[in-house]
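Notes to accompany the following structure.
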Amino acid sequence: MSDALTKLEADVRADLSRIAHPGAAWLPPKPGPDGKPALDVLIVGAGQSGIAIGFGLMRSRVSNILLLDKAEEGMEGPWLTYARMPTLRSPKDCTGPDLDIPSLTYQSWHEARFGRESWQTLDLIPRGHWADYLLWLRRTIGLPVRNESELLEIAPADNGLLAAHVKRADGAETLYARKIVLATGQEGMGSWMIPEPLRDLPAGSVATVADDIDFENLRGKRVAVIGAGASAFDNAATALEAGASDVHLLCRRAQIQLIQPYRWLTFRGFLRHLSDLDDAWRWRFMRTILEMREGFPQATYDRCARHANFTLHEAAPVEAVRQTDGGIELQTPRGLVTADFVICGTGIDMNFAERGELRRFASNIATWADRYQPPEDERNARLGRFPYLADDYAFTERAPGETPWISEIHLFAIASTMSFGPSGSSINAMTTAVPKLVHGLTRGLFRADVARHWASLGAYDVPQAVVTRPARDLGESR
């Protein structure tokens with residue numbers, strides 16, 4: 001480790017020490033059915049969101065926590081797996097998992113690692129460096145993380161607890177917790193979509209942008225990419241760079257989306273207070289933003305356009321698909337496109353029952369369609385399938401009373417978007433979204449223990465001073 005990084009870590013410890021007030025522990029252990037103290041909060045996901053949530057809880061003196069992640073250490077999140085862009089798309093000076101602690105920002109880490117001049121000349125953050133930074137951050141603040149541990153199911157348990165059934169490399173275990181946070185990123189409440197016309201294609205000829213694609217195997221082959229968001233372009237570029245003979249990107253819109261609405265909404269008022277608006281305003285804002293879809297920066301387009309064998313097809317939704325001896329024929333209003341392999345960059349659909357950990361109560365998770373009916377011209381069935389969350393990011397029941405315990409399960413993922421705007425999927429939103437979630441978690445923990453706190457106040461008898469009075473003779477003149 002460099003001297004600069006060693007000094008930075010000392011600065012982090014000093015900074016956290018200076019802002020530790022109030023430092024009093026306030027959560028007594030709650031026994032689980034196994035006789036061991038239950039966790040106060042179990043966080044599922046140890047990527048950037050899980051790290052930030054764990055850090056926020058520790059700063060609030062909620063230290064009996066654990067982060068789980070099914071990936072091996074260092075591979076959490078998309079950065080070293082299916083993120084196929086060279087750099088992050090967020091500005092380099094964005095802050096997020098640091099929760100406004102200057103010594104914990106990416107800039108501080110970068111300068112300690114590569115020098116101030118490197119920071120000054122840096123354009124955007126390389127995604128590999130971001131992954132390294134997140135691993136450094138979690139180790140520096142001392143977060144308890146258990147990797148290669150996959151959540152299989154959540155169920156109610158005795159004493160008002162939740163039971164998390166977990167699969168590990170060395171077997172299975174059940175963890176008990178007062179609250180569970182699902183910081184599961186992109187696919188936490190559903191699955192990546194493959195458009196219906198493509199679902200009958202042979203295995204190995206179609207994939208989503210989140211799949212483990214062997215791009216080297218696409219050398220010399222024809223590739224079609226469905227969708228025109230940033231991730232679709234990233235995958236098209238990766239195929240081109242791997243030597244694909246032709247890459248066709250099919251955009252259903254008449255004109256490709258160039259505006260990035262997430263750049264517009266990155267201001268404190270929206271990020272902090274969208275969730276305070278009524279349902280009509282929340283729906284109106286998020287429907288407009290999500291129907292625009294995510295734009296892409298110039299470098300993302302140029303990465304594809306520099307290849308002569310790249311073709312962009314606008315106004316070209318896939319209407320029909322046919323497997324032939326000559327390849328996969330994709331019928332569009334603009335004509336036929338033939339490919340050997342198809343990559344779908346068409347986003348994620350909400351389907352709670354597809355998630356094993358949610359299956360026990362998936363049918364009773366309230367959705368936006370259950371709670372709000374927009375005007376006819378604002379309807380969107382896909383967005384109506386998003387979960388309708390309480391003000392602390394907790395699930396709400398479709399039928400009240402059937403599964404009341406799901407109010408102790410909190411969702412901080414892309415599926416939170418309709419209720420809270422960008423939160424669990426956006427670096428830019430973390431500095432406002434994570435404190436809002438942490439506030440909701442600590443509020444719930446405090447309210448659940450309010451009788452104990454009241455009894456503690458009644459029993460509190462610690463004097464702050466010793467008062468001595470000189471002995472006086474009762475007959476002494478006054």
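So you can find residues: chains in the structure tokens are A, B, ... in the order shown, residues in each start at 1, and ligands are numbered from 1 in order.
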Wanna dump the range 204-226 of chain A-range 322-329 of chain A contacts at 10 Å for me, each residue with its shortest atom pair and the distance in Å to one decimal, counting only C-alpha atoms, ordered by chain and number, as a tab-separated table?
residue	atom	partner	partner_atom	distance
A:Ser205	CA	A:Ile328	CA	8.6
A:Val206	CA	A:Ile328	CA	9.9
A:Arg222	CA	A:Gly327	CA	8.8
A:Val223	CA	A:Ile328	CA	9.7
A:Ala224	CA	A:Ile328	CA	9.3
Take the selection from the previous step and output its residues with N, CA and C atoms, as an mmCIF file, in the first residue's frame.
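Produced file selection-v8.cif, reproduced below:
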data_model
loop_
_atom_site.group_PDB
_atom_site.id
_atom_site.type_symbol
_atom_site.label_atom_id
_atom_site.label_comp_id
_atom_site.auth_asym_id
_atom_site.auth_seq_id
_atom_site.Cartn_x
_atom_site.Cartn_y
_atom_site.Cartn_z
ATOM 1 N N SER A 205 -28.397 -18.894 -28.829
ATOM 2 C CA SER A 205 -28.462 -17.953 -29.941
ATOM 3 C C SER A 205 -29.037 -16.605 -29.533
ATOM 4 N N VAL A 206 -29.459 -16.468 -28.266
ATOM 5 C CA VAL A 206 -30.007 -15.207 -27.781
ATOM 6 C C VAL A 206 -29.581 -15.018 -26.332
ATOM 7 N N ARG A 222 -22.679 -12.546 -37.512
ATOM 8 C CA ARG A 222 -23.618 -11.430 -37.592
ATOM 9 C C ARG A 222 -24.378 -11.317 -36.272
ATOM 10 N N VAL A 223 -24.418 -10.122 -35.730
ATOM 11 C CA VAL A 223 -25.035 -9.901 -34.416
ATOM 12 C C VAL A 223 -26.117 -8.837 -34.547
ATOM 13 N N ALA A 224 -27.266 -9.086 -33.940
ATOM 14 C CA ALA A 224 -28.328 -8.087 -33.830
ATOM 15 C C ALA A 224 -28.510 -7.731 -32.358
#
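Once Thr6 in chain A and its same-chain neighbours fewer than 5 positions away are set aside, Met1, Asp11 and Ala112 of chain A remain within 9 Å of it when counting only C-alpha atoms.
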Keeping only C-alpha atoms, write the selected residues to a file as a PDB file, in the first residue's frame.
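In the end it all went to out-v2.pdb:
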ATOM      1  CA  MET A   1       0.000   0.000   0.000  1.00  0.00           C
ATOM      2  CA  ASP A  11      -7.582  10.598   7.734  1.00  0.00           C
ATOM      3  CA  ALA A 112      -3.984   8.861  -3.096  1.00  0.00           C
TER       4      ALA A 112
END
Let's see if you can do this: from backbone DSSP, list all alpha helix (DSSP H) residues in range 4-210 of chain A, as a PyMOL selection string.
chain A and resi 4-18+48-59+106-114+116-121+127-141
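Of the residues under consideration (A:Trp192, A:Trp79, A:Tyr176, A:Trp281), A:Trp192 shows the shortest atom-to-atom contact distance to Ala207 in chain A when counting only C-alpha atoms.
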Given only C-alpha atoms as the basis, pick out the residue of A:Pro202, A:Pro297, A:Pro195, A:Gly185 nearest to Met85 in chain A.
A:Pro297
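Near Ala239 in chain A, within 9 Å and counting only C-alpha atoms, sit Phe215, Glu216, Leu218, Arg219, Val223, Asp234, Asn235, Ala236, Ala242, Gly243, Ala244, Asp246 and Val247 of chain A, not including residues fewer than 3 positions from it in the same chain.
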Print the selection's residues with N, CA and C atoms to a file, as a short mmCIF file (atom, residue, chain, number, x, y, z; two decimals), in the first residue's frame.
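This is the output file result-v9.cif:
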data_model
loop_
_atom_site.label_atom_id
_atom_site.label_comp_id
_atom_site.auth_asym_id
_atom_site.auth_seq_id
_atom_site.Cartn_x
_atom_site.Cartn_y
_atom_site.Cartn_z
N PHE A 215 -18.00 -13.14 -26.15
CA PHE A 215 -17.89 -12.28 -27.32
C PHE A 215 -16.84 -12.78 -28.32
N GLU A 216 -15.82 -13.44 -27.81
CA GLU A 216 -14.82 -13.98 -28.73
C GLU A 216 -15.44 -14.99 -29.69
N LEU A 218 -18.17 -14.64 -31.06
CA LEU A 218 -18.95 -13.91 -32.06
C LEU A 218 -18.07 -13.39 -33.20
N ARG A 219 -16.77 -13.66 -33.14
CA ARG A 219 -15.88 -13.22 -34.21
C ARG A 219 -16.35 -13.81 -35.55
N VAL A 223 -24.42 -10.12 -35.73
CA VAL A 223 -25.04 -9.90 -34.42
C VAL A 223 -26.12 -8.84 -34.55
N ASP A 234 -23.31 -0.45 -25.61
CA ASP A 234 -22.10 -1.05 -25.04
C ASP A 234 -21.89 -2.46 -25.56
N ASN A 235 -22.98 -3.23 -25.64
CA ASN A 235 -22.86 -4.60 -26.10
C ASN A 235 -22.59 -4.66 -27.60
N ALA A 236 -23.21 -3.76 -28.35
CA ALA A 236 -22.91 -3.70 -29.78
C ALA A 236 -21.44 -3.38 -30.00
N ALA A 242 -14.81 -7.29 -30.78
CA ALA A 242 -14.42 -8.70 -30.74
C ALA A 242 -14.31 -9.30 -32.14
N GLY A 243 -14.70 -8.53 -33.16
CA GLY A 243 -14.54 -9.02 -34.52
C GLY A 243 -15.78 -9.54 -35.19
N ALA A 244 -16.97 -9.17 -34.71
CA ALA A 244 -18.20 -9.58 -35.38
C ALA A 244 -18.19 -9.04 -36.81
N ASP A 246 -20.83 -8.26 -38.78
CA ASP A 246 -21.82 -7.20 -38.90
C ASP A 246 -22.57 -7.09 -37.59
N VAL A 247 -22.86 -5.86 -37.18
CA VAL A 247 -23.67 -5.63 -35.99
C VAL A 247 -24.78 -4.67 -36.35
#
Within 9 Å of range 251-267 of chain A, counting only C-alpha atoms, which residues show up once you throw out same-chain ones fewer than 6 positions away? Write them as a PyMOL selection string, please.
chain A and resi 90+225-229+289-290+292-297+312-318+422+428-429
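Counting from CA of Val337 in chain A, the distance to CA of Pro86 in chain A is 28.4 Å.
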May I have all residues of range 246-441 of chain A that DSSP, computed from the backbone, assigns to strand (DSSP E), given as a ChimeraX atom specification?
/A:246-250,310-313,320-324,327-332,335-339,341-344,348-350,409-413
I need the residue nearest Thr346 in chain A from this list: A:Ile180, A:Ser231, A:Arg13, A:Ala203. Use only C-alpha atoms for the distance.
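With only C-alpha atoms as the atom set, the closest residue is A:Ser231.
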Check the smallest atom-to-atom distance from each of A:Val342, A:Tyr133, A:Ala183, A:Arg84 to Phe412 in chain A using only C-alpha atoms, then report the winner.
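Among A:Val342, A:Tyr133, A:Ala183, A:Arg84, it is A:Ala183 that comes nearest to Phe412 in chain A.
Each of A:Arg360, A:Lys30, A:Lys7, A:His21 was compared to Pro156 in chain A using only C-alpha atoms, and A:Arg360 turns out to be the nearest.
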Pick from A:His248, A:Arg334, A:Lys70, A:Arg287: nearest to Ser419 in chain A, with only C-alpha atoms counted?
A:Arg287
Counting only C-alpha atoms, what is within 12 Å of Ala433 in chain A, bar same-chain residues fewer than 5 positions away, as an MDAnalysis selection string?
chainID A and resid 49 52:53 56 96:97 99 266 268:275 391:393 411:413 416:417 419:428 438:440
For C-alpha atoms, I'd like the residues from the last selection saved as a PDB file, in the first residue's frame.
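Printed below is result.pdb as written:
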ATOM      1  CA  SER A  49     -25.760   0.398  -2.517  1.00  0.00           C
ATOM      2  CA  ALA A  52     -23.533   2.803   1.480  1.00  0.00           C
ATOM      3  CA  ILE A  53     -26.489   1.448   3.476  1.00  0.00           C
ATOM      4  CA  GLY A  56     -25.126   4.753   7.041  1.00  0.00           C
ATOM      5  CA  GLY A  96     -22.316   8.478  -3.405  1.00  0.00           C
ATOM      6  CA  PRO A  97     -21.148   5.653  -1.126  1.00  0.00           C
ATOM      7  CA  LEU A  99     -22.123   9.710   2.280  1.00  0.00           C
ATOM      8  CA  THR A 266     -29.868  15.280 -10.450  1.00  0.00           C
ATOM      9  CA  ARG A 268     -31.449  17.927  -4.343  1.00  0.00           C
ATOM     10  CA  GLY A 269     -35.070  18.962  -4.543  1.00  0.00           C
ATOM     11  CA  PHE A 270     -36.094  16.150  -6.878  1.00  0.00           C
ATOM     12  CA  LEU A 271     -33.878  13.456  -5.374  1.00  0.00           C
ATOM     13  CA  ARG A 272     -34.925  14.254  -1.823  1.00  0.00           C
ATOM     14  CA  HIS A 273     -38.580  15.127  -2.224  1.00  0.00           C
ATOM     15  CA  LEU A 274     -40.092  13.274  -5.181  1.00  0.00           C
ATOM     16  CA  SER A 275     -41.238  10.604  -2.732  1.00  0.00           C
ATOM     17  CA  ASP A 391     -42.050   5.827   2.910  1.00  0.00           C
ATOM     18  CA  ASP A 392     -39.232   3.730   4.404  1.00  0.00           C
ATOM     19  CA  TYR A 393     -38.762   1.662   1.215  1.00  0.00           C
ATOM     20  CA  LEU A 411     -36.236  -2.615  -1.173  1.00  0.00           C
ATOM     21  CA  PHE A 412     -33.366  -0.444  -2.382  1.00  0.00           C
ATOM     22  CA  ALA A 413     -32.963  -1.377  -6.034  1.00  0.00           C
ATOM     23  CA  SER A 416     -37.707   1.363  -6.073  1.00  0.00           C
ATOM     24  CA  THR A 417     -37.719   3.892  -8.894  1.00  0.00           C
ATOM     25  CA  SER A 419     -41.853   5.198  -5.572  1.00  0.00           C
ATOM     26  CA  PHE A 420     -38.655   7.150  -4.915  1.00  0.00           C
ATOM     27  CA  GLY A 421     -37.089   8.117  -8.226  1.00  0.00           C
ATOM     28  CA  PRO A 422     -33.456   7.112  -8.796  1.00  0.00           C
ATOM     29  CA  SER A 423     -32.210   5.503  -5.613  1.00  0.00           C
ATOM     30  CA  GLY A 424     -30.899   1.980  -5.492  1.00  0.00           C
ATOM     31  CA  SER A 425     -29.590   2.040  -9.058  1.00  0.00           C
ATOM     32  CA  SER A 426     -27.990   5.472  -9.238  1.00  0.00           C
ATOM     33  CA  ILE A 427     -24.678   6.702  -7.845  1.00  0.00           C
ATOM     34  CA  ASN A 428     -25.892  10.285  -8.207  1.00  0.00           C
ATOM     35  CA  VAL A 438     -31.417   4.654   6.972  1.00  0.00           C
ATOM     36  CA  HIS A 439     -33.803   7.092   8.658  1.00  0.00           C
ATOM     37  CA  GLY A 440     -36.690   4.734   7.903  1.00  0.00           C
TER      38      GLY A 440
END
CA of Ala280 in chain A sits from CA of Arg379 in chain A at a separation of 11.5 Å
